[in-house]
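Trainee: Sharing input_0.csv (CSV, C-alpha atoms and all ligand atoms) below.
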```csv
chain,number,residue,atom,x,y,z
A,5,ARG,CA,47.6,-67.9,-4.3
A,6,ASN,CA,48.7,-65.2,-6.7
A,7,VAL,CA,52.4,-65.1,-7.6
A,8,TRP,CA,54.8,-63.5,-10.1
A,9,ARG,CA,57.2,-66.0,-11.8
A,10,LEU,CA,60.3,-65.2,-13.9
A,11,ALA,CA,59.4,-66.3,-17.4
A,12,HIS,CA,62.5,-64.9,-19.3
A,13,ARG,CA,65.7,-63.2,-18.3
A,14,PRO,CA,65.3,-59.6,-19.4
A,15,VAL,CA,67.5,-58.3,-22.1
A,16,GLY,CA,68.0,-54.6,-21.4
A,17,ASP,CA,64.9,-53.0,-19.7
A,18,ILE,CA,62.5,-55.4,-18.1
A,19,ALA,CA,59.8,-56.1,-20.7
A,20,ASP,CA,56.2,-57.2,-20.6
A,21,GLY,CA,56.2,-61.0,-20.3
A,22,ASP,CA,59.6,-61.3,-18.5
A,23,LEU,CA,57.6,-61.8,-15.4
A,24,VAL,CA,54.2,-63.5,-15.5
A,25,TYR,CA,51.4,-63.2,-12.9
A,26,GLY,CA,49.0,-66.1,-12.2
A,27,SER,CA,47.0,-68.0,-9.7
A,28,GLU,CA,48.0,-71.4,-8.4
A,29,PRO,CA,47.2,-73.6,-5.4
A,30,LEU,CA,49.0,-72.8,-2.2
A,31,PRO,CA,51.6,-75.4,-1.5
A,32,ASP,CA,50.9,-77.7,1.4
A,33,ILE,CA,52.3,-76.5,4.7
A,34,ALA,CA,54.7,-79.2,5.9
A,35,GLU,CA,55.8,-79.8,9.5
A,36,GLY,CA,58.2,-77.0,10.4
A,37,GLN,CA,56.7,-74.6,7.9
A,38,PHE,CA,54.1,-71.7,8.1
A,39,SER,CA,52.2,-69.6,5.6
A,40,LEU,CA,52.7,-65.8,5.5
A,41,ARG,CA,50.3,-63.3,4.0
A,42,LEU,CA,52.3,-60.4,2.6
A,43,THR,CA,51.5,-56.9,3.8
A,44,TYR,CA,54.2,-55.2,1.8
A,45,LEU,CA,56.5,-56.3,-1.0
A,46,SER,CA,59.7,-54.2,-1.3
A,47,LEU,CA,60.7,-53.4,-4.9
A,48,ASP,CA,64.4,-52.9,-5.1
A,49,PRO,CA,66.9,-52.0,-7.9
A,50,THR,CA,68.7,-55.3,-7.3
A,51,ASN,CA,65.6,-57.1,-8.5
A,52,ARG,CA,66.8,-56.6,-12.0
A,53,ILE,CA,70.2,-58.1,-11.1
A,54,TRP,CA,68.5,-61.2,-9.6
A,55,MET,CA,66.5,-61.6,-12.8
A,56,SER,CA,69.8,-61.8,-14.8
A,57,ASP,CA,72.4,-64.5,-14.7
A,58,GLN,CA,75.3,-62.1,-14.4
A,59,GLU,CA,77.9,-62.7,-11.6
A,60,GLN,CA,76.2,-61.6,-8.4
A,61,TYR,CA,76.1,-61.9,-4.7
A,62,MET,CA,73.5,-64.6,-4.3
A,63,PRO,CA,72.1,-67.2,-6.8
A,64,PRO,CA,70.0,-65.6,-9.6
A,65,VAL,CA,66.3,-66.4,-9.6
A,66,ASP,CA,65.8,-69.5,-11.8
A,67,VAL,CA,63.7,-69.1,-14.9
A,68,GLY,CA,60.2,-70.4,-14.0
A,69,ALA,CA,60.7,-69.8,-10.2
A,70,ALA,CA,58.7,-67.3,-8.1
A,71,MET,CA,60.3,-63.9,-8.2
A,72,ARG,CA,62.4,-63.2,-5.1
A,73,GLY,CA,61.7,-60.0,-3.1
A,74,GLY,CA,61.9,-58.3,0.2
A,75,VAL,CA,58.7,-59.0,2.0
A,76,CYS,CA,56.9,-58.3,5.2
A,77,GLY,CA,53.7,-60.1,6.4
A,78,ARG,CA,51.8,-61.9,9.0
A,79,VAL,CA,51.5,-65.6,9.7
A,80,VAL,CA,48.2,-67.2,8.6
A,81,GLU,CA,48.8,-70.9,9.5
A,82,SER,CA,51.7,-72.5,11.3
A,83,ARG,CA,53.1,-75.9,11.7
A,84,LYS,CA,56.3,-74.5,13.2
A,85,PRO,CA,56.7,-74.5,17.0
A,86,GLY,CA,56.9,-70.9,18.4
A,87,VAL,CA,55.4,-69.3,15.3
A,88,ASN,CA,51.8,-68.3,15.7
A,89,PRO,CA,49.1,-66.8,13.5
A,90,GLY,CA,49.3,-63.0,13.4
A,91,ASP,CA,53.1,-63.0,14.0
A,92,LEU,CA,54.9,-60.4,11.9
A,93,PHE,CA,58.0,-61.4,9.9
A,94,ALA,CA,60.2,-59.6,7.3
A,95,GLY,CA,63.1,-60.6,5.1
A,96,LEU,CA,63.5,-62.4,1.8
A,97,GLY,CA,60.5,-64.0,0.2
A,98,GLU,CA,58.4,-64.2,-2.9
A,99,TRP,CA,56.4,-61.8,-5.1
A,100,ALA,CA,53.2,-63.5,-3.9
A,101,ASP,CA,50.2,-62.7,-1.8
A,102,VAL,CA,50.8,-65.8,0.3
A,103,MET,CA,53.9,-67.8,0.6
A,104,VAL,CA,54.8,-71.0,2.4
A,105,THR,CA,58.2,-71.0,4.2
A,106,ASP,CA,60.2,-72.6,6.9
A,107,GLY,CA,61.4,-69.1,7.9
A,108,THR,CA,64.8,-69.2,6.2
A,109,GLY,CA,65.8,-65.6,5.3
A,110,LEU,CA,63.0,-64.1,7.5
A,111,SER,CA,63.2,-62.6,11.0
A,112,ARG,CA,60.6,-61.1,13.3
A,113,LEU,CA,59.7,-57.4,12.7
A,114,PRO,CA,58.9,-55.7,15.9
A,115,GLU,CA,55.7,-53.6,16.0
A,116,ILE,CA,56.8,-50.2,17.2
A,117,PRO,CA,54.2,-47.8,18.7
A,118,GLY,CA,54.0,-44.6,16.7
A,119,VAL,CA,55.9,-46.0,13.7
A,120,PRO,CA,53.7,-47.1,10.8
A,121,LEU,CA,54.4,-50.6,9.5
A,122,ALA,CA,55.5,-49.2,6.0
A,123,ALA,CA,58.0,-47.0,7.7
A,124,ALA,CA,59.3,-49.7,10.0
A,125,PHE,CA,59.7,-52.2,7.1
A,126,GLY,CA,60.8,-49.5,4.6
A,127,THR,CA,63.5,-48.2,6.9
A,128,LEU,CA,64.6,-50.9,9.2
A,129,GLY,CA,64.3,-53.6,6.5
A,130,LEU,CA,67.3,-53.3,4.2
A,131,VAL,CA,67.7,-49.7,3.1
A,132,GLY,CA,68.4,-48.4,6.6
A,133,PRO,CA,71.1,-50.9,7.4
A,134,THR,CA,72.6,-50.3,3.9
A,135,ALA,CA,72.8,-46.6,4.6
A,136,TYR,CA,74.1,-47.1,8.2
A,137,PHE,CA,76.9,-49.6,7.6
A,138,GLY,CA,77.9,-48.2,4.2
A,139,LEU,CA,78.3,-44.7,5.5
A,140,LEU,CA,79.6,-45.3,9.0
A,141,ASP,CA,81.8,-48.4,8.5
A,142,ILE,CA,83.1,-47.6,5.0
A,143,GLY,CA,82.6,-43.9,4.6
A,144,GLN,CA,84.0,-43.1,8.1
A,145,PRO,CA,82.4,-39.6,8.2
A,146,GLN,CA,84.1,-37.0,10.3
A,147,PRO,CA,82.6,-33.7,11.4
A,148,GLY,CA,83.1,-30.9,8.9
A,149,GLU,CA,83.7,-33.3,6.0
A,150,THR,CA,81.8,-33.1,2.7
A,151,LEU,CA,79.7,-36.0,1.8
A,152,VAL,CA,78.0,-36.5,-1.6
A,153,VAL,CA,75.2,-39.0,-2.1
A,154,SER,CA,73.6,-39.8,-5.4
A,155,ALA,CA,70.0,-41.1,-5.7
A,156,ALA,CA,69.6,-38.8,-2.7
A,157,ALA,CA,65.8,-38.9,-2.5
A,158,GLY,CA,65.5,-42.6,-2.7
A,159,GLY,CA,65.2,-45.3,-0.1
A,160,VAL,CA,68.9,-45.5,0.9
A,161,GLY,CA,70.0,-42.0,-0.2
A,162,GLN,CA,67.5,-40.1,2.1
A,163,ILE,CA,68.9,-42.0,5.1
A,164,VAL,CA,72.6,-41.7,4.2
A,165,GLY,CA,72.2,-37.9,4.0
A,166,GLN,CA,70.5,-37.6,7.4
A,167,ILE,CA,73.1,-39.8,9.1
A,168,GLY,CA,75.7,-37.7,7.5
A,169,LYS,CA,74.1,-34.6,9.0
A,170,ILE,CA,73.9,-36.3,12.4
A,171,LYS,CA,77.6,-37.0,12.1
A,172,GLY,CA,78.4,-33.3,11.4
A,173,CYS,CA,79.1,-33.6,7.6
A,174,ARG,CA,78.2,-31.1,5.0
A,175,VAL,CA,75.8,-33.1,2.8
A,176,ILE,CA,75.3,-32.6,-1.0
A,177,GLY,CA,72.6,-34.7,-2.6
A,178,ILE,CA,72.2,-35.5,-6.3
A,179,ALA,CA,68.7,-36.3,-7.5
A,180,GLY,CA,66.5,-36.1,-10.5
A,181,GLY,CA,64.1,-33.2,-10.5
A,182,LYS,CA,63.3,-30.1,-8.4
A,183,ALA,CA,60.7,-31.8,-6.2
A,184,LYS,CA,63.2,-34.4,-5.0
A,185,CYS,CA,65.9,-31.8,-4.4
A,186,ASP,CA,63.5,-29.5,-2.5
A,187,TYR,CA,62.5,-32.5,-0.4
A,188,VAL,CA,66.0,-33.4,0.7
A,189,THR,CA,67.1,-29.9,1.4
A,190,GLY,CA,63.8,-28.6,2.8
A,191,GLU,CA,62.5,-31.6,4.7
A,192,LEU,CA,65.6,-33.6,5.4
A,193,GLY,CA,68.1,-30.9,6.1
A,194,PHE,CA,70.7,-31.7,3.4
A,195,ASP,CA,72.9,-28.6,2.8
A,196,ALA,CA,72.4,-28.7,-1.0
A,197,CYS,CA,71.1,-30.9,-3.8
A,198,ILE,CA,72.0,-31.0,-7.4
A,199,ASP,CA,69.2,-31.7,-9.9
A,200,TYR,CA,71.2,-33.8,-12.4
A,201,LYS,CA,68.3,-33.5,-14.9
A,202,SER,CA,68.6,-29.8,-15.3
A,203,GLN,CA,72.1,-28.9,-14.0
A,204,ASP,CA,75.7,-29.7,-14.9
A,205,VAL,CA,76.7,-31.9,-12.0
A,206,GLY,CA,80.4,-31.1,-12.3
A,207,ALA,CA,79.9,-27.4,-12.4
A,208,ALA,CA,77.5,-27.5,-9.5
A,209,LEU,CA,80.0,-29.6,-7.4
A,210,ASP,CA,82.7,-27.0,-8.2
A,211,ARG,CA,80.5,-24.3,-6.8
A,212,LEU,CA,79.2,-26.3,-3.8
A,213,ALA,CA,82.4,-28.1,-2.8
A,214,PRO,CA,85.3,-26.0,-4.0
A,215,ASP,CA,87.7,-27.7,-1.7
A,216,GLY,CA,86.7,-31.2,-2.9
A,217,ILE,CA,84.7,-34.2,-1.6
A,218,ASP,CA,85.7,-36.4,1.3
A,219,ILE,CA,83.1,-39.2,0.9
A,220,ASN,CA,81.2,-40.3,-2.2
A,221,PHE,CA,78.3,-42.6,-1.3
A,222,GLU,CA,77.9,-44.1,-4.8
A,223,GLN,CA,74.6,-45.4,-5.9
A,224,VAL,CA,74.2,-44.7,-9.6
A,225,GLY,CA,77.6,-44.9,-11.5
A,226,GLY,CA,78.0,-43.5,-15.0
A,227,ASP,CA,78.6,-39.8,-15.7
A,228,ILE,CA,77.4,-38.7,-12.3
A,229,MET,CA,80.0,-41.0,-10.6
A,230,VAL,CA,82.7,-39.6,-12.9
A,231,ALA,CA,81.8,-36.0,-12.1
A,232,VAL,CA,82.1,-36.8,-8.3
A,233,LEU,CA,85.3,-38.9,-8.6
A,234,GLN,CA,87.0,-36.0,-10.4
A,235,ARG,CA,86.4,-33.8,-7.4
A,236,MET,CA,87.4,-36.3,-4.6
A,237,LYS,CA,90.0,-35.2,-2.1
A,238,THR,CA,93.2,-37.3,-1.8
A,239,PHE,CA,92.5,-40.1,0.7
A,240,GLY,CA,88.7,-39.8,0.2
A,241,ARG,CA,86.4,-42.7,0.7
A,242,MET,CA,83.8,-44.2,-1.5
A,243,PRO,CA,81.3,-46.7,-0.2
A,244,LEU,CA,80.2,-48.4,-3.5
A,245,CYS,CA,76.6,-49.2,-2.8
A,246,GLY,CA,75.1,-49.4,-6.2
A,247,LEU,CA,75.4,-48.6,-9.9
A,248,ILE,CA,71.8,-48.3,-10.9
A,249,SER,CA,72.4,-46.5,-14.2
A,250,SER,CA,73.9,-49.7,-15.6
A,251,TYR,CA,71.5,-52.4,-14.3
A,252,ASN,CA,69.6,-52.5,-17.6
A,253,ALA,CA,72.7,-52.2,-19.7
A,254,THR,CA,73.4,-54.8,-22.3
A,255,THR,CA,77.2,-54.1,-22.5
A,256,ALA,CA,79.7,-53.8,-19.7
A,257,SER,CA,81.2,-50.3,-19.4
A,258,GLU,CA,84.2,-49.7,-17.3
A,259,PRO,CA,86.3,-46.8,-18.6
A,260,PRO,CA,89.8,-47.3,-17.3
A,261,GLY,CA,89.9,-43.6,-16.4
A,262,TYR,CA,87.8,-44.2,-13.3
A,263,TRP,CA,90.5,-46.5,-11.9
A,264,THR,CA,93.2,-44.0,-12.7
A,265,MET,CA,91.4,-41.4,-10.6
A,266,MET,CA,91.1,-43.8,-7.7
A,267,LEU,CA,94.8,-44.5,-7.8
A,268,MET,CA,96.0,-40.9,-8.1
A,269,ARG,CA,93.7,-39.7,-5.3
A,270,ARG,CA,94.5,-42.9,-3.2
A,271,LEU,CA,90.8,-43.4,-2.6
A,272,THR,CA,89.4,-46.2,-0.4
A,273,VAL,CA,86.7,-47.7,-2.6
A,274,ARG,CA,84.8,-50.6,-1.1
A,275,GLY,CA,81.9,-52.4,-2.6
A,276,PHE,CA,79.5,-53.9,0.0
A,277,ILE,CA,76.3,-55.8,0.2
A,278,VAL,CA,74.1,-55.0,3.2
A,279,THR,CA,73.8,-58.7,4.1
A,280,ASP,CA,77.6,-58.6,4.9
A,281,PHE,CA,76.6,-56.8,8.0
A,282,ALA,CA,73.7,-59.1,9.0
A,283,PRO,CA,75.3,-60.1,12.3
A,284,ARG,CA,75.1,-56.4,13.3
A,285,PHE,CA,71.5,-55.6,12.2
A,286,ALA,CA,70.5,-55.2,15.9
A,287,GLU,CA,73.0,-52.4,16.2
A,288,SER,CA,71.7,-50.6,13.1
A,289,GLY,CA,68.1,-51.2,14.0
A,290,GLN,CA,68.5,-49.7,17.4
A,291,ALA,CA,70.3,-46.6,16.1
A,292,LEU,CA,67.9,-46.0,13.2
A,293,LEU,CA,64.9,-46.5,15.4
A,294,GLY,CA,66.3,-44.1,18.0
A,295,TRP,CA,66.9,-41.4,15.4
A,296,MET,CA,63.4,-42.0,14.0
A,297,LEU,CA,61.8,-41.7,17.4
A,298,ASP,CA,63.7,-38.6,18.4
A,299,GLY,CA,62.8,-36.9,15.1
A,300,ARG,CA,66.3,-36.8,13.6
A,301,LEU,CA,65.5,-39.4,10.9
A,302,LYS,CA,62.6,-38.9,8.6
A,303,THR,CA,61.8,-41.4,5.8
A,304,ARG,CA,59.4,-41.3,3.0
A,305,GLN,CA,57.8,-44.4,1.5
A,306,ASP,CA,56.2,-44.6,-1.9
A,307,VAL,CA,53.5,-47.1,-1.3
A,308,ARG,CA,51.5,-48.4,-4.3
A,309,PRO,CA,48.6,-50.8,-4.1
A,310,GLY,CA,48.2,-54.1,-5.8
A,311,LEU,CA,50.5,-57.1,-6.2
A,312,ASP,CA,49.3,-57.4,-9.8
A,313,ASN,CA,51.1,-54.0,-10.5
A,314,ALA,CA,54.5,-55.2,-9.3
A,315,ALA,CA,56.1,-55.9,-12.6
A,316,ARG,CA,55.1,-52.5,-14.0
A,317,LEU,CA,56.1,-50.7,-10.8
A,318,VAL,CA,59.6,-52.2,-10.4
A,319,ARG,CA,60.6,-50.5,-13.7
A,320,GLU,CA,60.0,-47.1,-12.2
A,321,LEU,CA,63.1,-47.5,-10.1
A,322,TYR,CA,65.2,-47.2,-13.2
A,323,THR,CA,63.6,-44.0,-14.5
A,324,GLY,CA,63.2,-42.3,-11.1
A,325,GLY,CA,59.4,-42.7,-11.1
A,326,ASN,CA,59.5,-43.6,-7.4
A,327,PHE,CA,59.8,-40.9,-4.7
A,328,GLY,CA,61.1,-42.6,-1.5
A,329,LYS,CA,61.3,-46.3,-0.7
A,330,LEU,CA,59.1,-48.2,-3.2
A,331,LEU,CA,56.7,-50.6,-1.6
A,332,VAL,CA,53.7,-52.5,-3.0
A,333,GLU,CA,50.8,-52.8,-0.5
A,334,VAL,CA,49.8,-56.4,-1.1
A,335,THR,CA,47.3,-56.6,1.8
A,336,PRO,CA,46.2,-53.5,3.9
A,337,PRO,CA,48.2,-53.5,7.2
B,401,LIG,P1,65.9,-45.7,-4.8
B,401,LIG,O1,64.7,-45.6,-3.9
B,401,LIG,O2,67.0,-44.8,-4.7
B,401,LIG,O3,65.4,-45.8,-6.3
B,401,LIG,C1,66.3,-45.8,-7.3
B,401,LIG,C2,66.6,-44.3,-7.8
B,401,LIG,O4,67.8,-44.3,-8.6
B,401,LIG,C3,65.5,-43.7,-8.7
B,401,LIG,O5,64.4,-43.2,-7.9
B,401,LIG,C4,66.3,-42.6,-9.4
B,401,LIG,O6,66.2,-41.4,-8.6
B,401,LIG,C5,67.7,-43.1,-9.4
B,401,LIG,N1,68.2,-43.5,-10.7
B,401,LIG,C6,67.6,-44.5,-11.5
B,401,LIG,N2,68.3,-44.6,-12.7
B,401,LIG,C7,69.2,-43.6,-12.7
B,401,LIG,C8,70.2,-43.1,-13.6
B,401,LIG,N3,70.3,-43.7,-14.8
B,401,LIG,N4,71.0,-42.1,-13.2
B,401,LIG,C9,70.8,-41.5,-12.0
B,401,LIG,N5,69.9,-41.9,-11.1
B,401,LIG,C10,69.1,-42.9,-11.4
B,401,LIG,O7,66.5,-47.2,-4.6
B,401,LIG,P2,67.3,-47.8,-3.4
B,401,LIG,O8,67.4,-46.8,-2.3
B,401,LIG,O9,66.6,-49.1,-3.0
B,401,LIG,O10,68.7,-48.2,-4.0
B,401,LIG,C11,69.6,-47.1,-4.4
B,401,LIG,C12,70.9,-47.8,-4.8
B,401,LIG,O11,71.4,-48.5,-3.7
B,401,LIG,C13,70.8,-48.8,-6.0
B,401,LIG,O12,71.9,-48.7,-6.8
B,401,LIG,C14,70.7,-50.1,-5.3
B,401,LIG,O13,71.1,-51.1,-6.1
B,401,LIG,C15,71.7,-49.9,-4.2
B,401,LIG,N6,71.5,-50.7,-3.0
B,401,LIG,C16,72.5,-51.5,-2.6
B,401,LIG,C17,72.5,-52.3,-1.5
B,401,LIG,C18,73.7,-53.0,-1.1
B,401,LIG,O14,73.6,-53.9,-0.2
B,401,LIG,N7,74.8,-52.7,-1.7
B,401,LIG,C19,71.2,-52.4,-0.7
B,401,LIG,C20,70.1,-51.6,-1.2
B,401,LIG,C21,70.3,-50.8,-2.3
B,401,LIG,P3,66.3,-40.0,-9.4
B,401,LIG,O15,64.9,-39.6,-9.7
B,401,LIG,O16,67.0,-39.1,-8.4
B,401,LIG,O17,67.1,-40.2,-10.7
```
Can the structure in the file be given as structure tokens, please?

Mentor:
Amino acid sequence: RNVWRLAHRPVGDIADGDLVYGSEPLPDIAEGQFSLRLTYLSLDPTNRIWMSDQEQYMPPVDVGAAMRGGVCGRVVESRKPGVNPGDLFAGLGEWADVMVTDGTGLSRLPEIPGVPLAAAFGTLGLVGPTAYFGLLDIGQPQPGETLVVSAAAGGVGQIVGQIGKIKGCRVIGIAGGKAKCDYVTGELGFDACIDYKSQDVGAALDRLAPDGIDINFEQVGGDIMVAVLQRMKTFGRMPLCGLISSYNATTASEPPGYWTMMLMRRLTVRGFIVTDFAPRFAESGQALLGWMLDGRLKTRQDVRPGLDNAARLVRELYTGGNFGKLLVEVTPP
């Protein structure tokens, strides 16, 4: 099989050689195990966190181990009762074309007529539940409220904004570049989008949300987060989903001013990890699928071919090179 292994923990940006690609024999399939041929590998900002040994929400990937990733694929050979060749699974796996597993961390992915596998996996996998629970449980959107979402054209952001619209909010996205902004306003129905690469975010927010912001769905951190925080309404809510602008940083930055704003405005800020909501994934899956099938939720996947490109492609997440949920097509579906 072909597999990517973590050779070194990156320092700063992921560098050539931090991950190494090679061929190796497929491990034997023991009783209770099966082999899975990957269709798609999900590349996610958190991959960089897993490569580090910073404090995090699950164990870091060990140096020398196969790189962990979100996967979807079909069973090739099974020694596990009830699992048959051709069955489709998704969940946590390895950056490999074939993996051997006992099924831990994986669950069956339904085949949905009319929904391409990339969209089903790319939406119902982890980004959809992240958007669903982060916005609905933590953001508590009410009709007429103003919702700001950063990384708006990405995997999670595009879904957050559309759920916000379904719930009657006024939705302002923040994204890098005109094409992404045109997509979220033109195709997805966001009310406005700020191109942080060519506009002053604070000035644009003053113009677009003169009365302040009720909900900040935070995904990037840094200057963009500060500009939003400064314009939050008292008793606003901030689902803290991600801080991608700092994932490659070599020094911790945590200006105390952020916390002063949270106190003065009495914000509810809650960090969350989508897996906190795993017992309720059936609920999010049903809602997201319903909205997809009735045309209220559109999602865009950015599918690139070739497992051998994965280490180069994952870096695009930190420069905005992806447009939509980034997936590697390992084997044609
Ligand atoms: P995206 O598809 O949104 O890709 C990442 C995007 O982030 C890029 O396309 C880029 O968009 C933007 N970005 C990258 N660097 C910066 C920067 N320095 N400043 C501003 N924007 C930047 O990825 P996901 O949807 O998978 O993830 C989005 C966020 O959600 C991440 O922070 C991720 O860690 C988090 N997340 C958290 C989960 C949880 O359980 N808490 C689960 C899943 C994701 P642009 O071109 O617009 O700059």

Trainee: Can you list every residue of chain A that has an atom at most 6 Å from ligand LIG 401 (chain B), with its nearest atom pair and the distance in Å to one decimal, using all atoms listed in the file, ordered by chain then number, as JSON lines?

Mentor:
```
{"residue": "A:Asp48", "atom": "CA", "partner": "B:LIG401", "partner_atom": "O9", "distance": 4.9}
{"residue": "A:Pro49", "atom": "CA", "partner": "B:LIG401", "partner_atom": "O13", "distance": 4.7}
{"residue": "A:Thr50", "atom": "CA", "partner": "B:LIG401", "partner_atom": "O13", "distance": 5.0}
{"residue": "A:Val131", "atom": "CA", "partner": "B:LIG401", "partner_atom": "C20", "distance": 5.3}
{"residue": "A:Thr134", "atom": "CA", "partner": "B:LIG401", "partner_atom": "C19", "distance": 5.2}
{"residue": "A:Ala155", "atom": "CA", "partner": "B:LIG401", "partner_atom": "O16", "distance": 4.5}
{"residue": "A:Gly158", "atom": "CA", "partner": "B:LIG401", "partner_atom": "O1", "distance": 3.3}
{"residue": "A:Gly159", "atom": "CA", "partner": "B:LIG401", "partner_atom": "O8", "distance": 3.5}
{"residue": "A:Val160", "atom": "CA", "partner": "B:LIG401", "partner_atom": "O8", "distance": 3.8}
{"residue": "A:Gly161", "atom": "CA", "partner": "B:LIG401", "partner_atom": "O8", "distance": 5.8}
{"residue": "A:Ala179", "atom": "CA", "partner": "B:LIG401", "partner_atom": "O16", "distance": 3.4}
{"residue": "A:Gly180", "atom": "CA", "partner": "B:LIG401", "partner_atom": "O16", "distance": 3.7}
{"residue": "A:Gln223", "atom": "CA", "partner": "B:LIG401", "partner_atom": "O12", "distance": 4.4}
{"residue": "A:Val224", "atom": "CA", "partner": "B:LIG401", "partner_atom": "C9", "distance": 5.2}
{"residue": "A:Cys245", "atom": "CA", "partner": "B:LIG401", "partner_atom": "N7", "distance": 4.1}
{"residue": "A:Gly246", "atom": "CA", "partner": "B:LIG401", "partner_atom": "O12", "distance": 3.3}
{"residue": "A:Leu247", "atom": "CA", "partner": "B:LIG401", "partner_atom": "O12", "distance": 4.7}
{"residue": "A:Ile248", "atom": "CA", "partner": "B:LIG401", "partner_atom": "O12", "distance": 4.1}
{"residue": "A:Ser249", "atom": "CA", "partner": "B:LIG401", "partner_atom": "N3", "distance": 3.6}
{"residue": "A:Phe276", "atom": "CA", "partner": "B:LIG401", "partner_atom": "N7", "distance": 5.1}
{"residue": "A:Ile277", "atom": "CA", "partner": "B:LIG401", "partner_atom": "O14", "distance": 3.3}
{"residue": "A:Val278", "atom": "CA", "partner": "B:LIG401", "partner_atom": "O14", "distance": 3.6}
{"residue": "A:Leu321", "atom": "CA", "partner": "B:LIG401", "partner_atom": "C1", "distance": 4.6}
{"residue": "A:Tyr322", "atom": "CA", "partner": "B:LIG401", "partner_atom": "C6", "distance": 4.0}
{"residue": "A:Thr323", "atom": "CA", "partner": "B:LIG401", "partner_atom": "C6", "distance": 5.0}
{"residue": "A:Gly324", "atom": "CA", "partner": "B:LIG401", "partner_atom": "O15", "distance": 3.5}
{"residue": "A:Gly325", "atom": "CA", "partner": "B:LIG401", "partner_atom": "O5", "distance": 6.0}
{"residue": "A:Asn326", "atom": "CA", "partner": "B:LIG401", "partner_atom": "O5", "distance": 4.9}
{"residue": "A:Gly328", "atom": "CA", "partner": "B:LIG401", "partner_atom": "O1", "distance": 5.3}
{"residue": "A:Lys329", "atom": "CA", "partner": "B:LIG401", "partner_atom": "O1", "distance": 4.7}
```

Trainee: Export, as an mmCIF file, keeping the file's coordinate frame, the selected residues with C-alpha atoms.

Mentor:
```cif
data_model
loop_
_atom_site.group_PDB
_atom_site.id
_atom_site.type_symbol
_atom_site.label_atom_id
_atom_site.label_comp_id
_atom_site.auth_asym_id
_atom_site.auth_seq_id
_atom_site.Cartn_x
_atom_site.Cartn_y
_atom_site.Cartn_z
ATOM 1 C CA ASP A 48 64.400 -52.900 -5.100
ATOM 2 C CA PRO A 49 66.900 -52.000 -7.900
ATOM 3 C CA THR A 50 68.700 -55.300 -7.300
ATOM 4 C CA VAL A 131 67.700 -49.700 3.100
ATOM 5 C CA THR A 134 72.600 -50.300 3.900
ATOM 6 C CA ALA A 155 70.000 -41.100 -5.700
ATOM 7 C CA GLY A 158 65.500 -42.600 -2.700
ATOM 8 C CA GLY A 159 65.200 -45.300 -0.100
ATOM 9 C CA VAL A 160 68.900 -45.500 0.900
ATOM 10 C CA GLY A 161 70.000 -42.000 -0.200
ATOM 11 C CA ALA A 179 68.700 -36.300 -7.500
ATOM 12 C CA GLY A 180 66.500 -36.100 -10.500
ATOM 13 C CA GLN A 223 74.600 -45.400 -5.900
ATOM 14 C CA VAL A 224 74.200 -44.700 -9.600
ATOM 15 C CA CYS A 245 76.600 -49.200 -2.800
ATOM 16 C CA GLY A 246 75.100 -49.400 -6.200
ATOM 17 C CA LEU A 247 75.400 -48.600 -9.900
ATOM 18 C CA ILE A 248 71.800 -48.300 -10.900
ATOM 19 C CA SER A 249 72.400 -46.500 -14.200
ATOM 20 C CA PHE A 276 79.500 -53.900 0.000
ATOM 21 C CA ILE A 277 76.300 -55.800 0.200
ATOM 22 C CA VAL A 278 74.100 -55.000 3.200
ATOM 23 C CA LEU A 321 63.100 -47.500 -10.100
ATOM 24 C CA TYR A 322 65.200 -47.200 -13.200
ATOM 25 C CA THR A 323 63.600 -44.000 -14.500
ATOM 26 C CA GLY A 324 63.200 -42.300 -11.100
ATOM 27 C CA GLY A 325 59.400 -42.700 -11.100
ATOM 28 C CA ASN A 326 59.500 -43.600 -7.400
ATOM 29 C CA GLY A 328 61.100 -42.600 -1.500
ATOM 30 C CA LYS A 329 61.300 -46.300 -0.700
#
```

Trainee: Nearest to Tyr251 of chain A: which of A:Pro64, A:Gly168, A:Pro145, A:Gly226 is it, counting all atoms listed in the file?

Mentor: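 That would be A:Gly226, the residue with the smallest distance to Tyr251 of chain A.
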
Trainee: Nearest to Leu317 of chain A: which of A:Thr264, A:Val230, A:Leu45, A:Phe93 is it, counting all atoms listed in the file?

Mentor: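 Once distances to Leu317 of chain A are computed over all atoms listed in the file, the minimum belongs to A:Leu45.
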
Trainee: Tell me, as JSON, numbers by chain, which residues lie within 10 Å of Met266 of chain A, counting all atoms listed in the file; anything in the same chain fewer than 5 positions away does not count.

Mentor: {"A": [233, 234, 236, 238, 239, 240, 241, 242, 261, 271, 272, 273]}

Trainee: Figure out the distance between atom CA of Val24 of chain A and atom CA of Phe125 of chain A, please, to one decimal in Å.

Mentor: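 Atom-to-atom, atom CA of Phe125 of chain A to atom CA of Val24 of chain A, that is 25.9 Å.
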
Trainee: Compile the contact shell of Gly109 of chain A as a list in words: residues with an atom at most 8 Å away, counting all atoms listed in the file, same-chain residues fewer than 2 positions apart removed.

Mentor: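 Within the cut-off, the hits are Gly95, Leu96, Gly97, Gly107 and Ser111 of chain A.
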
Trainee: Between segment 133-156 of chain A and segment 213-222 of chain A, at 7 Å or less, what are the per-residue closest atom pairs and their distances in Å? Count only C-alpha atoms, order by chain and rising residue number, and return it as a tab-separated table.

Mentor:
```
residue	atom	partner	partner_atom	distance
A:Gly143	CA	A:Ile219	CA	6.0
A:Glu149	CA	A:Asp218	CA	6.0
A:Thr150	CA	A:Asp218	CA	5.3
A:Leu151	CA	A:Ile219	CA	4.8
A:Val152	CA	A:Asn220	CA	5.0
A:Val153	CA	A:Phe221	CA	4.8
A:Ser154	CA	A:Glu222	CA	6.1
```
